[in-house]
>>> print(open('target.cif').read())   # mmCIF, C-alpha atoms
data_upload
#
loop_
_atom_site.label_atom_id
_atom_site.label_comp_id
_atom_site.auth_asym_id
_atom_site.auth_seq_id
_atom_site.Cartn_x
_atom_site.Cartn_y
_atom_site.Cartn_z
CA MET A 1 -142.75 77.92 136.91
CA ALA A 2 -139.68 77.79 139.14
CA GLU A 3 -136.75 76.27 137.29
CA GLY A 4 -133.66 75.04 139.09
CA VAL A 5 -132.45 73.61 142.35
CA THR A 6 -132.05 77.01 144.03
CA LEU A 7 -135.61 78.12 143.32
CA LEU A 8 -137.11 74.84 144.47
CA ARG A 9 -134.99 74.81 147.61
CA GLU A 10 -135.92 78.42 148.45
CA ALA A 11 -139.60 77.76 147.83
CA LEU A 12 -139.60 74.80 150.20
CA ALA A 13 -137.58 76.65 152.83
CA SER A 14 -140.09 79.51 152.73
CA GLY A 15 -143.09 77.22 153.13
CA HIS A 16 -144.29 77.44 149.52
CA VAL A 17 -145.09 73.85 148.61
CA PRO A 18 -145.11 73.34 144.83
CA GLU A 19 -148.14 71.80 143.20
CA SER A 20 -145.84 69.58 141.16
CA VAL A 21 -142.14 68.93 140.61
CA PHE A 22 -140.56 67.54 137.43
CA TYR A 23 -137.03 66.20 137.57
CA ALA A 24 -134.39 64.86 135.21
CA PRO A 25 -132.24 61.80 135.94
CA THR A 26 -129.30 63.99 137.01
CA VAL A 27 -131.04 65.74 139.91
CA ASP A 28 -130.17 65.21 143.57
CA LEU A 29 -133.03 62.98 144.66
CA ARG A 30 -132.83 64.22 148.24
CA LEU A 31 -134.37 67.50 147.13
CA VAL A 32 -137.08 65.65 145.21
CA ASP A 33 -137.83 63.57 148.31
CA GLU A 34 -138.06 66.76 150.38
CA ALA A 35 -140.60 68.18 147.94
CA ARG A 36 -142.59 64.94 147.98
CA ASP A 37 -142.59 64.85 151.77
CA ALA A 38 -143.85 68.46 151.83
CA GLY A 39 -146.85 67.43 149.71
CA ALA A 40 -145.79 68.11 146.13
CA ALA A 41 -146.61 65.67 143.35
CA VAL A 42 -143.33 64.61 141.74
CA PHE A 43 -142.73 63.30 138.23
CA ALA A 44 -139.58 61.75 136.76
CA LEU A 45 -138.65 62.79 133.21
CA GLU A 46 -136.68 60.78 130.73
CA ALA A 47 -133.28 62.08 129.64
CA GLY A 48 -133.61 64.97 127.17
CA VAL A 49 -137.19 65.90 128.06
CA MET A 50 -136.27 68.79 130.38
CA GLU A 51 -134.25 70.40 127.58
CA ARG A 52 -137.41 70.51 125.44
CA ILE A 53 -139.78 71.98 128.02
CA ALA A 54 -137.60 74.35 130.05
CA ASP A 55 -137.43 78.08 129.32
CA ALA A 56 -133.76 78.55 130.24
CA SER A 57 -131.15 78.13 127.49
CA THR A 58 -129.19 75.89 129.87
CA PRO A 59 -131.91 73.86 131.59
CA GLN A 60 -131.68 72.88 135.24
CA PRO A 61 -132.39 69.27 136.25
CA VAL A 62 -135.58 70.19 138.10
CA CYS A 63 -138.53 72.55 137.76
CA ALA A 64 -141.58 73.14 139.88
CA VAL A 65 -145.05 74.58 139.43
CA VAL A 66 -145.71 76.91 142.37
CA ARG A 67 -148.95 78.66 143.25
CA ASP A 68 -149.11 82.44 142.76
CA VAL A 69 -147.29 84.09 145.66
CA ALA A 70 -148.77 87.59 145.20
CA VAL A 71 -150.47 89.29 148.16
CA GLY A 72 -152.62 92.40 148.63
CA ILE A 73 -151.35 95.83 149.65
CA GLY A 74 -153.11 95.42 152.97
CA ASP A 75 -150.83 92.47 153.72
CA LEU A 76 -147.70 94.65 153.76
CA ARG A 77 -146.45 95.28 157.29
CA GLY A 78 -146.52 98.80 158.64
CA ASP A 79 -142.83 99.59 159.01
CA GLY A 80 -139.89 99.47 156.62
CA VAL A 81 -139.48 100.12 152.91
CA VAL A 82 -141.95 99.22 150.18
CA VAL A 83 -140.59 99.39 146.63
CA VAL A 84 -143.10 100.32 143.94
CA ALA A 85 -142.16 99.52 140.35
CA VAL A 86 -144.04 101.53 137.71
CA ASP A 87 -143.82 100.22 134.14
CA VAL A 88 -140.63 98.23 134.78
CA ARG A 89 -140.73 95.91 131.80
CA ASP A 90 -137.41 94.08 131.64
CA PRO A 91 -137.68 90.68 133.38
CA GLY A 92 -134.09 90.76 134.61
CA ASN A 93 -134.45 94.26 136.02
CA ALA A 94 -137.65 93.36 137.83
CA GLY A 95 -136.07 90.23 139.29
CA THR A 96 -132.98 92.15 140.41
CA LEU A 97 -135.17 94.84 141.97
CA LEU A 98 -137.10 92.24 143.91
CA ARG A 99 -133.96 90.38 144.98
CA SER A 100 -132.30 93.61 146.15
CA ALA A 101 -135.37 94.65 148.12
CA ALA A 102 -135.55 91.29 149.85
CA ALA A 103 -131.82 91.28 150.62
CA ALA A 104 -132.09 94.73 152.20
CA GLY A 105 -134.98 93.63 154.42
CA ALA A 106 -137.70 95.63 152.67
CA ALA A 107 -141.30 95.18 153.73
CA GLY A 108 -142.57 94.43 150.23
CA VAL A 109 -142.54 95.11 146.51
CA VAL A 110 -145.39 96.35 144.34
CA LEU A 111 -145.22 95.50 140.63
CA CYS A 112 -147.81 97.85 139.15
CA SER A 113 -149.89 97.06 136.09
CA GLY A 114 -147.79 97.57 132.98
CA SER A 115 -144.70 96.07 134.58
CA VAL A 116 -143.46 92.61 133.62
CA GLU A 117 -145.46 89.77 135.14
CA LEU A 118 -144.08 88.26 138.33
CA GLY A 119 -144.43 84.79 136.81
CA ASN A 120 -142.24 85.57 133.81
CA PRO A 121 -139.62 82.78 133.82
CA LYS A 122 -136.70 85.22 133.46
CA THR A 123 -138.03 87.35 136.31
CA VAL A 124 -138.44 84.30 138.52
CA ARG A 125 -134.87 83.17 137.81
CA ALA A 126 -133.46 86.67 138.38
CA THR A 127 -134.97 86.75 141.88
CA ALA A 128 -132.89 83.67 142.85
CA GLY A 129 -135.72 82.63 145.13
CA ALA A 130 -136.26 86.03 146.74
CA LEU A 131 -139.85 86.17 145.49
CA PHE A 132 -140.61 83.49 148.10
CA LYS A 133 -139.11 85.60 150.90
CA ILE A 134 -140.76 89.00 150.51
CA PRO A 135 -144.41 90.01 150.03
CA VAL A 136 -145.11 90.99 146.40
CA VAL A 137 -148.20 92.85 145.20
CA THR A 138 -149.09 92.69 141.51
CA ALA A 139 -151.65 93.98 139.00
CA VAL A 140 -152.49 97.27 140.74
CA GLU A 141 -152.58 100.72 139.14
CA PRO A 142 -149.90 103.14 140.39
CA GLY A 143 -152.27 105.90 141.51
CA PRO A 144 -154.57 103.80 143.70
CA ALA A 145 -151.59 101.81 145.04
CA LEU A 146 -149.74 104.94 146.13
CA ALA A 147 -152.93 106.39 147.60
CA GLU A 148 -153.47 103.27 149.71
CA LEU A 149 -149.85 103.20 150.84
CA GLY A 150 -150.04 106.88 151.75
CA ALA A 151 -153.26 106.35 153.68
CA ALA A 152 -151.40 103.71 155.69
CA GLY A 153 -148.96 106.41 156.83
CA ARG A 154 -146.09 105.82 154.42
CA ARG A 155 -143.94 108.63 153.02
CA ARG A 156 -143.73 108.23 149.26
CA TYR A 157 -140.51 109.12 147.44
CA ALA A 158 -140.05 108.98 143.68
CA ALA A 159 -136.58 108.18 142.36
CA VAL A 160 -135.59 110.62 139.60
CA ALA A 161 -132.38 111.02 137.61
CA ARG A 162 -131.86 114.65 138.66
CA ASP A 163 -133.24 117.55 140.73
CA GLY A 164 -134.29 115.38 143.66
CA GLU A 165 -133.00 115.35 147.24
CA ASP A 166 -129.72 113.48 147.72
CA TYR A 167 -130.82 109.99 148.77
CA SER A 168 -128.12 109.79 151.45
CA ILE A 169 -129.44 112.92 153.16
CA ALA A 170 -133.16 112.12 152.99
CA ASP A 171 -134.76 110.38 155.95
CA LEU A 172 -135.56 106.86 154.70
CA THR A 173 -136.35 105.36 158.09
CA GLY A 174 -139.76 104.16 159.17
CA PRO A 175 -142.64 103.46 156.78
CA VAL A 176 -141.33 104.62 153.40
CA VAL A 177 -142.26 103.98 149.78
CA LEU A 178 -139.58 104.09 147.07
CA VAL A 179 -141.09 104.52 143.60
CA LEU A 180 -139.00 103.58 140.54
CA GLY A 181 -140.00 103.89 136.93
CA ASN A 182 -139.47 102.59 133.42
CA GLU A 183 -135.95 101.74 132.29
CA ALA A 184 -135.99 104.23 129.41
CA HIS A 185 -138.51 106.90 130.36
CA GLY A 186 -138.51 106.94 134.15
CA LEU A 187 -141.67 107.87 136.03
CA PRO A 188 -144.67 109.71 134.54
CA ALA A 189 -144.49 113.45 135.26
CA ASP A 190 -148.10 113.46 136.45
CA LEU A 191 -147.83 110.47 138.80
CA PRO A 192 -150.08 111.26 141.79
CA GLY A 193 -149.37 110.52 145.44
CA ILE A 194 -145.69 111.53 145.64
CA ASP A 195 -144.40 113.29 148.76
CA GLY A 196 -140.83 113.92 147.62
CA LEU A 197 -138.15 113.25 145.03
CA LEU A 198 -134.87 111.36 145.51
CA THR A 199 -131.79 111.41 143.32
CA ILE A 200 -128.66 109.25 143.43
CA PRO A 201 -125.74 111.58 142.56
CA LEU A 202 -123.60 110.12 139.77
CA PRO A 203 -120.01 111.43 139.76
CA GLY A 204 -119.21 109.36 136.67
CA PRO A 205 -120.05 110.15 133.02
CA VAL A 206 -123.39 108.33 132.88
CA GLU A 207 -126.92 109.72 132.99
CA SER A 208 -128.68 107.11 135.10
CA LEU A 209 -128.49 103.73 136.77
CA ASN A 210 -130.16 100.47 135.85
CA VAL A 211 -133.46 100.38 137.74
CA GLY A 212 -132.46 97.19 139.57
CA VAL A 213 -129.19 98.78 140.69
CA ALA A 214 -130.97 101.98 141.74
CA ALA A 215 -133.38 99.93 143.82
CA ALA A 216 -130.45 98.21 145.53
CA VAL A 217 -128.71 101.50 146.33
CA LEU A 218 -131.86 103.04 147.81
CA CYS A 219 -132.97 99.97 149.75
CA PHE A 220 -129.57 99.42 151.33
CA GLU A 221 -129.31 103.10 152.26
CA ALA A 222 -132.68 102.76 154.01
CA ALA A 223 -131.38 99.65 155.78
CA ARG A 224 -128.20 101.49 156.81
CA GLN A 225 -130.22 104.37 158.24
CA ALA A 226 -132.48 101.96 160.13
CA ARG A 227 -129.43 100.27 161.71
CA ALA A 228 -127.94 103.64 162.63
CA ARG A 229 -131.17 104.77 164.27
CA ALA A 230 -131.49 101.49 166.17
CA GLY A 231 -127.89 101.81 167.40
CA ALA A 232 -128.50 105.34 168.61
CA ALA A 233 -131.68 104.43 170.48
#
>>> encode(input="target.cif", output="structure tokens")
Amino acid sequence: MAEGVTLLREALASGHVPESVFYAPTVDLRLVDEARDAGAAVFALEAGVMERIADASTPQPVCAVVRDVAVGIGDLRGDGVVVVAVDVRDPGNAGTLLRSAAAAGAAGVVLCSGSVELGNPKTVRATAGALFKIPVVTAVEPGPALAELGAAGRRRYAAVARDGEDYSIADLTGPVVLVLGNEAHGLPADLPGIDGLLTIPLPGPVESLNVGVAAAVLCFEAARQARARAGAA
């Protein structure tokens, strides 16, 4: 369920035609017409109905039912960063992680089994439409997922709070996997398929970063390094 004008607009712009669109009297009908023209079934709601069916505390005037956008690991392109989320359970964190990865030009995101579902309404809203712009793999176990990504030639780095290589010094260009863990407990100590550890130094008096923020820092550093390498070529 994609609630709101932004999500519907981003879905349409990315070629994801909703199965159905429900709209309140206050919506801009031009967007509804665009959805109808793309092939979506559209349904007008009486005043007050959206407030009763929407998940958000402040309902938007439109919501859409969109087919599952998840892909397989084999669909991820060869170059660039893939972010793997292991046991990331907070919907807002997962959505922020996905939005940050997409904004930084990452090749894909893997939400492993045990993480929040991609279709969680809060996760969908937190992506601000980014889930329609980047390949997302879901419902895979961390071990097999990392093994398959490694077999495809990707270097796999686990983000840890301390004792890892400074992320700004590590080579994050080319086919790289960034693995981030649970908000409270981090990554399992026995997680297989890891080639190296990365740490974001924290000069301030805090122990760790929010997992969505950490993903943004790492992804944009990888993007910066890619630009620097392209400029030097």
>>> resolve_selection(input="target.cif", expression="the PyMOL selection byres ((chain A and resi 158) around 8)", output="PyMOL selection string")
chain A and resi 156-157+159-160+178-180+187+194-198
>>> write_last_selection(input="target.cif", atoms="C-alpha atoms", output="mmCIF file, in the coordinates of the input")
data_model
loop_
_atom_site.group_PDB
_atom_site.id
_atom_site.type_symbol
_atom_site.label_atom_id
_atom_site.label_comp_id
_atom_site.auth_asym_id
_atom_site.auth_seq_id
_atom_site.Cartn_x
_atom_site.Cartn_y
_atom_site.Cartn_z
ATOM 1 C CA ARG A 156 -143.730 108.230 149.260
ATOM 2 C CA TYR A 157 -140.510 109.120 147.440
ATOM 3 C CA ALA A 159 -136.580 108.180 142.360
ATOM 4 C CA VAL A 160 -135.590 110.620 139.600
ATOM 5 C CA LEU A 178 -139.580 104.090 147.070
ATOM 6 C CA VAL A 179 -141.090 104.520 143.600
ATOM 7 C CA LEU A 180 -139.000 103.580 140.540
ATOM 8 C CA LEU A 187 -141.670 107.870 136.030
ATOM 9 C CA ILE A 194 -145.690 111.530 145.640
ATOM 10 C CA ASP A 195 -144.400 113.290 148.760
ATOM 11 C CA GLY A 196 -140.830 113.920 147.620
ATOM 12 C CA LEU A 197 -138.150 113.250 145.030
ATOM 13 C CA LEU A 198 -134.870 111.360 145.510
#
>>> resolve_selection(input="target.cif", expression="the PyMOL selection byres ((chain A and resi 93-104) around 10)", output="short mmCIF file (atom, residue, chain, number, x, y, z; two decimals) with C-alpha atoms, in the frame of the given file")
data_model
loop_
_atom_site.label_atom_id
_atom_site.label_comp_id
_atom_site.auth_asym_id
_atom_site.auth_seq_id
_atom_site.Cartn_x
_atom_site.Cartn_y
_atom_site.Cartn_z
CA VAL A 81 -139.48 100.12 152.91
CA VAL A 82 -141.95 99.22 150.18
CA VAL A 83 -140.59 99.39 146.63
CA VAL A 84 -143.10 100.32 143.94
CA ALA A 85 -142.16 99.52 140.35
CA ASP A 87 -143.82 100.22 134.14
CA VAL A 88 -140.63 98.23 134.78
CA ARG A 89 -140.73 95.91 131.80
CA ASP A 90 -137.41 94.08 131.64
CA PRO A 91 -137.68 90.68 133.38
CA GLY A 92 -134.09 90.76 134.61
CA GLY A 105 -134.98 93.63 154.42
CA ALA A 106 -137.70 95.63 152.67
CA ALA A 107 -141.30 95.18 153.73
CA GLY A 108 -142.57 94.43 150.23
CA VAL A 109 -142.54 95.11 146.51
CA VAL A 110 -145.39 96.35 144.34
CA LEU A 111 -145.22 95.50 140.63
CA SER A 115 -144.70 96.07 134.58
CA VAL A 116 -143.46 92.61 133.62
CA GLU A 117 -145.46 89.77 135.14
CA LEU A 118 -144.08 88.26 138.33
CA ASN A 120 -142.24 85.57 133.81
CA PRO A 121 -139.62 82.78 133.82
CA LYS A 122 -136.70 85.22 133.46
CA THR A 123 -138.03 87.35 136.31
CA VAL A 124 -138.44 84.30 138.52
CA ARG A 125 -134.87 83.17 137.81
CA ALA A 126 -133.46 86.67 138.38
CA THR A 127 -134.97 86.75 141.88
CA ALA A 128 -132.89 83.67 142.85
CA GLY A 129 -135.72 82.63 145.13
CA ALA A 130 -136.26 86.03 146.74
CA LEU A 131 -139.85 86.17 145.49
CA PHE A 132 -140.61 83.49 148.10
CA LYS A 133 -139.11 85.60 150.90
CA ILE A 134 -140.76 89.00 150.51
CA PRO A 135 -144.41 90.01 150.03
CA VAL A 136 -145.11 90.99 146.40
CA LEU A 180 -139.00 103.58 140.54
CA GLU A 183 -135.95 101.74 132.29
CA ASN A 210 -130.16 100.47 135.85
CA VAL A 211 -133.46 100.38 137.74
CA GLY A 212 -132.46 97.19 139.57
CA VAL A 213 -129.19 98.78 140.69
CA ALA A 214 -130.97 101.98 141.74
CA ALA A 215 -133.38 99.93 143.82
CA ALA A 216 -130.45 98.21 145.53
CA VAL A 217 -128.71 101.50 146.33
CA LEU A 218 -131.86 103.04 147.81
CA CYS A 219 -132.97 99.97 149.75
CA PHE A 220 -129.57 99.42 151.33
CA GLU A 221 -129.31 103.10 152.26
CA ALA A 222 -132.68 102.76 154.01
CA ALA A 223 -131.38 99.65 155.78
CA ARG A 224 -128.20 101.49 156.81
#
>>> atom_distance(input="target.cif", atom1="atom CA of Leu31 of chain A", atom2="atom CA of Thr6 of chain A")
10.3 Å
>>> atom_distance(input="target.cif", atom1="atom CA of Gly181 of chain A", atom2="atom CA of Asp68 of chain A")
24.0 Å
>>> resolve_selection(input="target.cif", expression="the PyMOL selection byres ((chain A and resi 171) around 10)", output="PyMOL selection string")
chain A and resi 155+167-170+172-174+176+221-222+225-226
>>> atom_distance(input="target.cif", atom1="atom CA of Arg229 of chain A", atom2="atom CA of Ala147 of chain A")
27.5 Å
>>> closest_residue(input="target.cif", among="A:Gly231, A:Gly153, A:Val5, A:Gln60", to="Arg30 of chain A", atoms="only C-alpha atoms")
A:Val5
